[in-house]
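Visitor: Sharing a structure, written as structure tokens. Questions coming.
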2 protein chains.
Amino acid sequence: MNEKKVDFHGGNIYKIYREKGMKEILDYSSNINPYGLPKKFEKAVIENLSVLEKYPDPDYVELREEIAKTNKVELKNIIVGNGATEIIFLYMKVLKAKKILIVSPTFGEYERAMKATLDDIQVDYFKLEEAENFVLNIEKIKTELQKKYDLLVICNPNNPTGQFLLVKELEKILEKCTEVGTKLFVDEAFVEFVEDWREKSVIKTGKNKKNLFVLRAFTKFFAIPGLRLGYGICFDDEFMTKMLEKKEPWSVNNIAELAGKILLQDKEYIEKTNNWIKIEKKYMYENLKEIEGLKTYKTEINFILVKIKNEYLYKVNAQILREKMLEKGILIRDASNFVYLNDNYFRLAVKDRKNNVRVLEALKEIFENIKREKREKDK
Amino acid sequence: MNEKKVDFHGGNIYKIYREKGMKEILDYSSNINPYGLPKKFEKAVIENLSVLEKYPDPDYVELREEIAKTNKVELKNIIVGNGATEIIFLYMKVLKAKKILIVSPTFGEYERAMKATLDDIQVDYFKLEEAENFVLNIEKIKTELQKKYDLLVICNPNNPTGQFLLVKELEKILEKCTEVGTKLFVDEAFVEFVEDWREKSVIKTGKNKKNLFVLRAFTKFFAIPGLRLGYGICFDDEFMTKMLEKKEPWSVNNIAELAGKILLQDKEYIEKTNNWIKIEKKYMYENLKEIEGLKTYKTEINFILVKIKNEYLYKVNAQILREKMLEKGILIRDASNFVYLNDNYFRLAVKDRKNNVRVLEALKEIFENIKREKREKDK
């Protein structure tokens with residue numbers, strides 16, 4: 001077992017504001033849609049503020065109906081939470097898995113949630129190999145699954161690598177899980193950023209499979225991380241009942257509920273976002289590739305994992321780069337604390353063109369300076 | 001141990017809307033300030049909606065500072081939660097009490113939270129006697145505390161009885177708890193409705209006592225049950241650290257955070273509310289007393305427990321009365337599912353004069369009809 005410390009969140013920008021006395025930081029450490037709050041939602045909130053005067057519907061029927069409808073599943077298959085986080089914690093609490101496998105590097109909250117539930121659990125990591133560009137090796141994981149884990153966790157698209165498993169690959173994994181009696185938890189918190197994602201979600205193959213649990217979030221795509229709304233899809237009625245029994249009541253606030261009911265219908269915002277991400281992820285990738293000293297991994301979504309090449313490490317690693325970028329008013333995600341990553345790695349959001357250019361220029365400047373210094377020293 | 005089913009919430013008004021196909025119900029089952037959303041808060045939300053585009057500060061420093069300041073305690077003594085509910089669950093999760101005593105009848109969520117944490121716990125109830133008007137008997141509970149419970153839970157002011165323990169009485173209980181090594185959890189979710197409450201909170205005597213935990217909510221007083229904001233005050237640093245370790249990140253949304261930062265300063269709203277409650281609780285109590293068939297218990301706050309006298313039970317109990325009131329478009333809280341209460345009891349909110357009159361008239365009509373029918377039958 002890897003003993004690496006799991007840090008559960010990336011850029012705590014408030015801590016930086018406090019510690020550095022800074023006022024404005026361009027945050028490329030969190031991966032939020034740069035279009036910001038959907039206008040239709042803003043309008044709805046202002047017109048419906050009085051919903052706050054009532055307790056939420058403890059069963060969240062209307063909200064769940066809306067989510068069920070857009071996902072073509074039934075009301076009973078949907079559970080909503082105070083952000084995806086509540087769902088992760090609740091799932092782990094009910095499952096009480098003793099032996100779990102997490103495809104890594106990935107988001108640290110699964111492990112933290114499990115450890116908050118049981119003291120004595122075995123957490124194994126299935127390693128995504130850098131040499132394979134962090135693409136999951138299906139045959140290898142099928143072999144690993146022979147060890148009969150209680151649970152396999154896959155983040156798809158994966159944070160921080162940006163890789164996305166195709167549905168035919170997920171199908172093989174799910175089949176293997178079913179065969180060996182392992183539950184499969186798929187975190188699709190970023191899936192809406194993938195082109196034609198509804199055709200590619202694990203739901204496409206896993207609908208009605210009792211051992212599958214799918215996690216989704218409104219946070220990233222609709223730019224509402226401060227509002228807290230996530231949901232889970234599950235086809236095991238008995239398991240769902242247990243989750244509802246353990247759930248804290250009224251955990252989703254009424255503005256989040258309102259968001260859930262209207263955002264899935266906001267076609268204009270969704271289309272605009274789809275167009276943006278298609279263009280900007282490519283732009284960011286191709287321009288990062290041009291910077292000497294960096295290796296960039298292809299991404300399907302709105303963030304990119306980047307590696308500082310070894311020959312530059314004597315001068316700059318992820319921590320130092322983070323400091324240097326902060327001096328320029330930009331926060332990046334030092335990715336060294338992800339399991340299996342190290343000082344070489346950082347993660348960048350993809351935002352609007354103007355800011356992407358600013359971040360690219362800043363990185364270029366830093367790495368060109370190093371190169372120039374080196375050249376001068378070598379003279 | 002009393003095996004009575006604990007129902008964790010009262011009037012699920014959404015369920016009634018769905019089941020009865022009703023559109024408008026006057027909700028006297030939940031105890032929310034009738035002044036509704038504070039105007040200053042409304043304005044602040046509309047001006048600051050973009051806070052939703054950022055993740056919450058995971059440490060909630062500014063919010064906790066504000067709460068600490070108004071309570072004259074330190075930042076480290078404050079923990080915030082997604083409603084008081086999150087704090088209850090988190091406290092129970094960290095304490096892992098095996099043997100607890102709950103002063104009852106009271107709010108059911110403490111027991112539910114404990115049972116969600118551990119499977120095998122002993123829950124005892126300390127009975128508030130109707131013959132003593134549900135006033136806590138200090139000597140009796142001191143004797144009971146000799147049994148060395150891990151935890152004593154007191155809701156003060158108490159839901160549903162409306163009784164409020166004075167600080168000198170709490171002092172005696174806290175002393176006894178300290179002597180026998182019992183933790184004391186005081187839920188002050190309604191305390192702001194008590195006149196001069198800052199002088200009467202358990203904090204007044206319990207400040208810096210490590211075995212005390214105090215729960216507060218913004219929900220009721222500031223009429224924002226749909227927003228979810230509660231907090232805990234605790235002077236045991238080690239216990240606080242454990243709570244923070246187990247806490248789900250970002251559980252308080254950014255609009256709730258905004259509310260917390262400005263509402264405690266809204267003197268106008270606070271004063272207006274204080275004046276209202278002083279007059280209306282008295283009005284409601286005195287007018288209820290006049291209705292033949294009802295016994296009313298004095299209250300310190302914005303709800304009243306009422307008993308249907310036994311001689312009327314042949315015709316109307318709490319369930320039936322709830323149905324009859326619903327026919328008139330009013331929802332009351334059937335209180336029969338509180339531990340130690342039965343079919344005789346219901347609970348009424350105290351709201352604005354116009355609606356209080358409407359509720360009083362409806363009750364009067366129902367009980368006068370029963371009396372008339374009885375008289376006619378007896379002829």
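Each chain of the structure tokens is named A, B, ... in the order shown, its residues numbered from 1; ligands are numbered from 1 in display order.
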Distance limit 6 Å, atoms considered: only C-alpha atoms. Which chain B residues sit that close to chain A? Return them as a ChimeraX atom specification.
Guide: /B:14,52-57,116,223-227,246,253-254
Visitor: Would you list the contacts of Tyr285 (chain B) as a list of chain:residue names, taking every protein, DNA or RNA residue within 9 Å and counting only C-alpha atoms, but skipping same-chain residues closer than 2 positions in sequence?
Guide: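 The residues satisfying every condition are B:Glu280, B:Lys281, B:Lys282, B:Tyr283, B:Asn287, B:Leu288, B:Lys289, B:Glu290, B:Thr296, B:Tyr297, B:Lys298, B:Thr299, B:Ile304.
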Visitor: Give the helix (DSSP H, G or I) residues of region 39-98 of chain A, as assigned by DSSP on the backbone, as a count of residues only.
Guide: 41
Visitor: Would you list the contacts of Gly260 (chain A) as a list in words, taking every protein, DNA or RNA residue within 8 Å and counting only C-alpha atoms, but skipping same-chain residues closer than 6 positions in sequence?
Guide: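 Close residues of Gly260 (chain A): Leu63, Glu66, Ile67, Phe218 and Leu229 of chain A.
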Visitor: Can you write out the residues you just picked, keeping C-alpha atoms, as an mmCIF file, in the first residue's frame?
Guide:
```
data_model
loop_
_atom_site.group_PDB
_atom_site.id
_atom_site.type_symbol
_atom_site.label_atom_id
_atom_site.label_comp_id
_atom_site.auth_asym_id
_atom_site.auth_seq_id
_atom_site.Cartn_x
_atom_site.Cartn_y
_atom_site.Cartn_z
ATOM 1 C CA LEU A 63 -35.429 17.582 -8.705
ATOM 2 C CA GLU A 66 -35.897 16.113 -13.742
ATOM 3 C CA ILE A 67 -32.530 14.373 -13.396
ATOM 4 C CA PHE A 218 -23.445 20.119 -11.562
ATOM 5 C CA LEU A 229 -25.168 19.854 -6.101
#
```
Visitor: I'd like the neighbourhood of Gln122 (chain B) as a ChimeraX atom specification, where a residue qualifies if any of its atoms comes within 12 Å (using only C-alpha atoms), though same-chain residues fewer than 2 positions away should be ignored.
Guide: /B:1-3,96-102,111,114-115,118-120,124-125,149-151
Visitor: Please write the residues from the selection above to a file, keeping N, CA, C and O atoms, as an mmCIF file, in the first residue's frame.
Guide:
```cif
data_model
loop_
_atom_site.group_PDB
_atom_site.id
_atom_site.type_symbol
_atom_site.label_atom_id
_atom_site.label_comp_id
_atom_site.auth_asym_id
_atom_site.auth_seq_id
_atom_site.Cartn_x
_atom_site.Cartn_y
_atom_site.Cartn_z
ATOM 1 N N MET B 1 -35.735 0.715 27.445
ATOM 2 C CA MET B 1 -35.677 1.615 26.283
ATOM 3 C C MET B 1 -37.026 1.697 25.574
ATOM 4 O O MET B 1 -37.685 0.694 25.356
ATOM 5 N N ASN B 2 -37.405 2.883 25.247
ATOM 6 C CA ASN B 2 -38.655 3.103 24.534
ATOM 7 C C ASN B 2 -38.454 2.764 23.050
ATOM 8 O O ASN B 2 -37.569 3.273 22.394
ATOM 9 N N GLU B 3 -39.321 1.913 22.530
ATOM 10 C CA GLU B 3 -39.123 1.448 21.150
ATOM 11 C C GLU B 3 -39.884 2.285 20.129
ATOM 12 O O GLU B 3 -39.969 1.932 18.957
ATOM 13 N N LYS B 96 -18.908 8.789 19.062
ATOM 14 C CA LYS B 96 -19.163 7.343 19.139
ATOM 15 C C LYS B 96 -19.610 6.914 20.540
ATOM 16 O O LYS B 96 -19.061 5.967 21.112
ATOM 17 N N ALA B 97 -20.576 7.635 21.064
ATOM 18 C CA ALA B 97 -21.087 7.317 22.392
ATOM 19 C C ALA B 97 -21.781 5.962 22.371
ATOM 20 O O ALA B 97 -22.479 5.625 21.421
ATOM 21 N N LYS B 98 -21.585 5.191 23.428
ATOM 22 C CA LYS B 98 -22.223 3.877 23.509
ATOM 23 C C LYS B 98 -23.495 3.938 24.357
ATOM 24 O O LYS B 98 -24.367 3.096 24.239
ATOM 25 N N LYS B 99 -23.534 4.916 25.247
ATOM 26 C CA LYS B 99 -24.637 4.972 26.211
ATOM 27 C C LYS B 99 -25.034 6.438 26.357
ATOM 28 O O LYS B 99 -24.265 7.251 26.873
ATOM 29 N N ILE B 100 -26.218 6.759 25.906
ATOM 30 C CA ILE B 100 -26.586 8.168 25.922
ATOM 31 C C ILE B 100 -27.968 8.384 26.541
ATOM 32 O O ILE B 100 -28.812 7.495 26.549
ATOM 33 N N LEU B 101 -28.112 9.582 27.057
ATOM 34 C CA LEU B 101 -29.363 9.961 27.711
ATOM 35 C C LEU B 101 -29.921 11.190 26.985
ATOM 36 O O LEU B 101 -29.216 12.192 26.812
ATOM 37 N N ILE B 102 -31.168 11.085 26.557
ATOM 38 C CA ILE B 102 -31.793 12.212 25.861
ATOM 39 C C ILE B 102 -32.992 12.700 26.666
ATOM 40 O O ILE B 102 -33.903 11.916 26.967
ATOM 41 N N GLU B 111 -31.160 11.057 18.034
ATOM 42 C CA GLU B 111 -31.167 9.603 18.101
ATOM 43 C C GLU B 111 -30.889 8.998 16.726
ATOM 44 O O GLU B 111 -30.124 8.045 16.595
ATOM 45 N N MET B 114 -27.225 9.248 15.966
ATOM 46 C CA MET B 114 -26.430 8.277 16.709
ATOM 47 C C MET B 114 -26.563 6.896 16.128
ATOM 48 O O MET B 114 -25.596 6.172 15.986
ATOM 49 N N LYS B 115 -27.778 6.549 15.778
ATOM 50 C CA LYS B 115 -28.015 5.206 15.241
ATOM 51 C C LYS B 115 -27.427 5.044 13.839
ATOM 52 O O LYS B 115 -27.137 3.932 13.409
ATOM 53 N N LEU B 118 -23.414 4.227 14.952
ATOM 54 C CA LEU B 118 -23.081 2.943 15.562
ATOM 55 C C LEU B 118 -24.332 2.066 15.586
ATOM 56 O O LEU B 118 -25.426 2.545 15.786
ATOM 57 N N ASP B 119 -24.122 0.775 15.393
ATOM 58 C CA ASP B 119 -25.275 -0.122 15.392
ATOM 59 C C ASP B 119 -25.718 -0.459 16.811
ATOM 60 O O ASP B 119 -26.887 -0.620 17.087
ATOM 61 N N ASP B 120 -24.744 -0.544 17.691
ATOM 62 C CA ASP B 120 -25.056 -1.081 19.005
ATOM 63 C C ASP B 120 -24.881 -0.020 20.081
ATOM 64 O O ASP B 120 -23.841 0.079 20.717
ATOM 65 N N ASP B 124 -31.154 5.944 26.309
ATOM 66 C CA ASP B 124 -32.159 6.090 27.365
ATOM 67 C C ASP B 124 -32.795 7.469 27.257
ATOM 68 O O ASP B 124 -32.164 8.416 26.797
ATOM 69 N N TYR B 125 -34.052 7.545 27.687
ATOM 70 C CA TYR B 125 -34.731 8.833 27.679
ATOM 71 C C TYR B 125 -34.943 9.295 29.106
ATOM 72 O O TYR B 125 -35.378 8.515 29.958
ATOM 73 N N TYR B 149 -23.427 8.118 31.892
ATOM 74 C CA TYR B 149 -23.644 8.114 30.444
ATOM 75 C C TYR B 149 -22.434 8.717 29.738
ATOM 76 O O TYR B 149 -21.702 9.517 30.328
ATOM 77 N N ASP B 150 -22.237 8.346 28.473
ATOM 78 C CA ASP B 150 -21.198 9.014 27.682
ATOM 79 C C ASP B 150 -21.660 10.419 27.307
ATOM 80 O O ASP B 150 -20.860 11.338 27.172
ATOM 81 N N LEU B 151 -22.967 10.547 27.124
ATOM 82 C CA LEU B 151 -23.499 11.798 26.593
ATOM 83 C C LEU B 151 -24.901 12.077 27.114
ATOM 84 O O LEU B 151 -25.732 11.184 27.183
#
```
Visitor: Determine, counting only C-alpha atoms, which protein, DNA and RNA residues have an atom within 12 Å of an atom of Ile320 (chain B); residues of the same chain fewer than 4 positions away are not included. Present the result as a count of residues only.
Guide: 20
Visitor: Can you list every residue in region 29-251 of chain B that DSSP puts in strand (DSSP E), as a PyMOL selection string?
Guide: chain B and resi 78-81+99-104+122-127+151-155+183-187+212-217+230-234
Visitor: Smallest atom-to-atom distance to Val339 (chain A): which of A:Lys127, A:Lys309, A:Lys39, A:Lys374, using only C-alpha atoms?
Guide: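 Result for the nearest residue to Val339 (chain A): A:Lys127.
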Visitor: For region 173-175 of chain A, please output as an MDAnalysis selection string all residues within 9 Å (counting only C-alpha atoms; exclusion window: fewer than 3 positions along the same chain).
Guide: chainID A and resid 138 141:142 145 168:170 178:180 182:184 205:206 209 211:212
Visitor: Go ahead and save the residues from that selection, with C-alpha atoms, as an mmCIF file, in the first residue's frame.
Guide:
```cif
data_model
loop_
_atom_site.group_PDB
_atom_site.id
_atom_site.type_symbol
_atom_site.label_atom_id
_atom_site.label_comp_id
_atom_site.auth_asym_id
_atom_site.auth_seq_id
_atom_site.Cartn_x
_atom_site.Cartn_y
_atom_site.Cartn_z
ATOM 1 C CA ILE A 138 -7.865 -3.266 -19.578
ATOM 2 C CA ILE A 141 -6.903 -4.539 -14.524
ATOM 3 C CA LYS A 142 -8.976 -7.598 -15.336
ATOM 4 C CA LEU A 145 -9.686 -7.842 -10.308
ATOM 5 C CA LYS A 168 -16.695 -0.613 -24.715
ATOM 6 C CA GLU A 169 -13.746 -0.684 -22.303
ATOM 7 C CA LEU A 170 -15.941 0.118 -19.348
ATOM 8 C CA THR A 178 -19.878 -8.666 -12.070
ATOM 9 C CA GLU A 179 -18.096 -11.982 -12.562
ATOM 10 C CA VAL A 180 -15.940 -11.616 -9.439
ATOM 11 C CA THR A 182 -16.956 -6.448 -7.165
ATOM 12 C CA LYS A 183 -18.915 -3.202 -7.093
ATOM 13 C CA LEU A 184 -17.933 -0.514 -9.598
ATOM 14 C CA THR A 205 -23.665 -0.113 -20.947
ATOM 15 C CA GLY A 206 -24.359 -0.307 -17.229
ATOM 16 C CA LYS A 209 -26.593 -3.341 -13.493
ATOM 17 C CA ASN A 211 -23.193 -3.440 -8.958
ATOM 18 C CA LEU A 212 -22.714 -0.110 -10.756
#
```
Visitor: Can you tell me, as a ChimeraX atom specification, what residues are no more than 12 Å from Arg198 (chain A) when counting only C-alpha atoms, ignoring any on the same chain fewer than 2 positions away?
Guide: /A:70-72,166-167,188,191-196,200-205
Visitor: Go ahead and write the residues just picked, N, CA and C atoms, as a PDB file, in the first residue's frame.
Guide:
```pdb
ATOM      1  N   THR A  70     -33.763  13.344 -17.806  1.00  0.00           N
ATOM      2  CA  THR A  70     -32.668  13.626 -18.746  1.00  0.00           C
ATOM      3  C   THR A  70     -31.704  12.449 -18.855  1.00  0.00           C
ATOM      4  N   ASN A  71     -31.667  11.593 -17.848  1.00  0.00           N
ATOM      5  CA  ASN A  71     -30.774  10.430 -17.920  1.00  0.00           C
ATOM      6  C   ASN A  71     -31.497   9.159 -18.357  1.00  0.00           C
ATOM      7  N   LYS A  72     -32.766   9.303 -18.667  1.00  0.00           N
ATOM      8  CA  LYS A  72     -33.584   8.163 -19.092  1.00  0.00           C
ATOM      9  C   LYS A  72     -33.535   6.991 -18.122  1.00  0.00           C
ATOM     10  N   LEU A 166     -13.390   4.579 -22.992  1.00  0.00           N
ATOM     11  CA  LEU A 166     -14.548   4.406 -23.866  1.00  0.00           C
ATOM     12  C   LEU A 166     -15.514   3.397 -23.274  1.00  0.00           C
ATOM     13  N   VAL A 167     -16.731   3.484 -23.740  1.00  0.00           N
ATOM     14  CA  VAL A 167     -17.788   2.683 -23.137  1.00  0.00           C
ATOM     15  C   VAL A 167     -17.556   1.185 -23.367  1.00  0.00           C
ATOM     16  N   GLU A 188     -18.260  10.387 -12.715  1.00  0.00           N
ATOM     17  CA  GLU A 188     -18.362  11.110 -13.984  1.00  0.00           C
ATOM     18  C   GLU A 188     -18.554  12.612 -13.755  1.00  0.00           C
ATOM     19  N   VAL A 191     -17.844  14.463 -16.910  1.00  0.00           N
ATOM     20  CA  VAL A 191     -18.218  13.805 -18.174  1.00  0.00           C
ATOM     21  C   VAL A 191     -18.909  14.742 -19.167  1.00  0.00           C
ATOM     22  N   GLU A 192     -19.617  15.751 -18.654  1.00  0.00           N
ATOM     23  CA  GLU A 192     -20.353  16.647 -19.554  1.00  0.00           C
ATOM     24  C   GLU A 192     -19.432  17.434 -20.476  1.00  0.00           C
ATOM     25  N   PHE A 193     -18.141  17.495 -20.147  1.00  0.00           N
ATOM     26  CA  PHE A 193     -17.202  18.210 -21.004  1.00  0.00           C
ATOM     27  C   PHE A 193     -16.729  17.354 -22.188  1.00  0.00           C
ATOM     28  N   VAL A 194     -17.041  16.063 -22.170  1.00  0.00           N
ATOM     29  CA  VAL A 194     -16.654  15.160 -23.261  1.00  0.00           C
ATOM     30  C   VAL A 194     -17.671  15.300 -24.389  1.00  0.00           C
ATOM     31  N   GLU A 195     -17.164  15.364 -25.607  1.00  0.00           N
ATOM     32  CA  GLU A 195     -18.063  15.518 -26.756  1.00  0.00           C
ATOM     33  C   GLU A 195     -19.039  14.338 -26.831  1.00  0.00           C
ATOM     34  N   ASP A 196     -20.294  14.620 -27.097  1.00  0.00           N
ATOM     35  CA  ASP A 196     -21.336  13.581 -27.185  1.00  0.00           C
ATOM     36  C   ASP A 196     -21.327  12.630 -26.000  1.00  0.00           C
ATOM     37  N   LYS A 200     -21.462   8.144 -24.377  1.00  0.00           N
ATOM     38  CA  LYS A 200     -20.205   7.567 -23.895  1.00  0.00           C
ATOM     39  C   LYS A 200     -20.177   7.299 -22.396  1.00  0.00           C
ATOM     40  N   SER A 201     -21.231   7.711 -21.718  1.00  0.00           N
ATOM     41  CA  SER A 201     -21.284   7.470 -20.269  1.00  0.00           C
ATOM     42  C   SER A 201     -21.398   5.972 -19.997  1.00  0.00           C
ATOM     43  N   VAL A 202     -20.912   5.565 -18.855  1.00  0.00           N
ATOM     44  CA  VAL A 202     -20.993   4.149 -18.465  1.00  0.00           C
ATOM     45  C   VAL A 202     -22.452   3.683 -18.351  1.00  0.00           C
ATOM     46  N   ILE A 203     -23.363   4.636 -18.174  1.00  0.00           N
ATOM     47  CA  ILE A 203     -24.793   4.303 -18.120  1.00  0.00           C
ATOM     48  C   ILE A 203     -25.235   3.583 -19.390  1.00  0.00           C
ATOM     49  N   LYS A 204     -24.604   3.952 -20.487  1.00  0.00           N
ATOM     50  CA  LYS A 204     -24.925   3.368 -21.798  1.00  0.00           C
ATOM     51  C   LYS A 204     -24.806   1.838 -21.763  1.00  0.00           C
ATOM     52  N   THR A 205     -23.809   1.345 -21.036  1.00  0.00           N
ATOM     53  CA  THR A 205     -23.665  -0.113 -20.947  1.00  0.00           C
ATOM     54  C   THR A 205     -24.135  -0.666 -19.600  1.00  0.00           C
TER      55      THR A 205
END
```
Visitor: Kindly indicate which residue among B:Val350, B:Lys210, B:Gly81, B:Glu365 lies nearest to Arg64 (chain B), using only C-alpha atoms for the distances.
Guide: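 Ranking B:Val350, B:Lys210, B:Gly81, B:Glu365 by distance to Arg64 (chain B), first place goes to B:Gly81.
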Visitor: What is the CA of Cys177 (chain B)-CA of Leu128 (chain B) distance in Å, reported with one decimal?
Guide: 18.5 Å
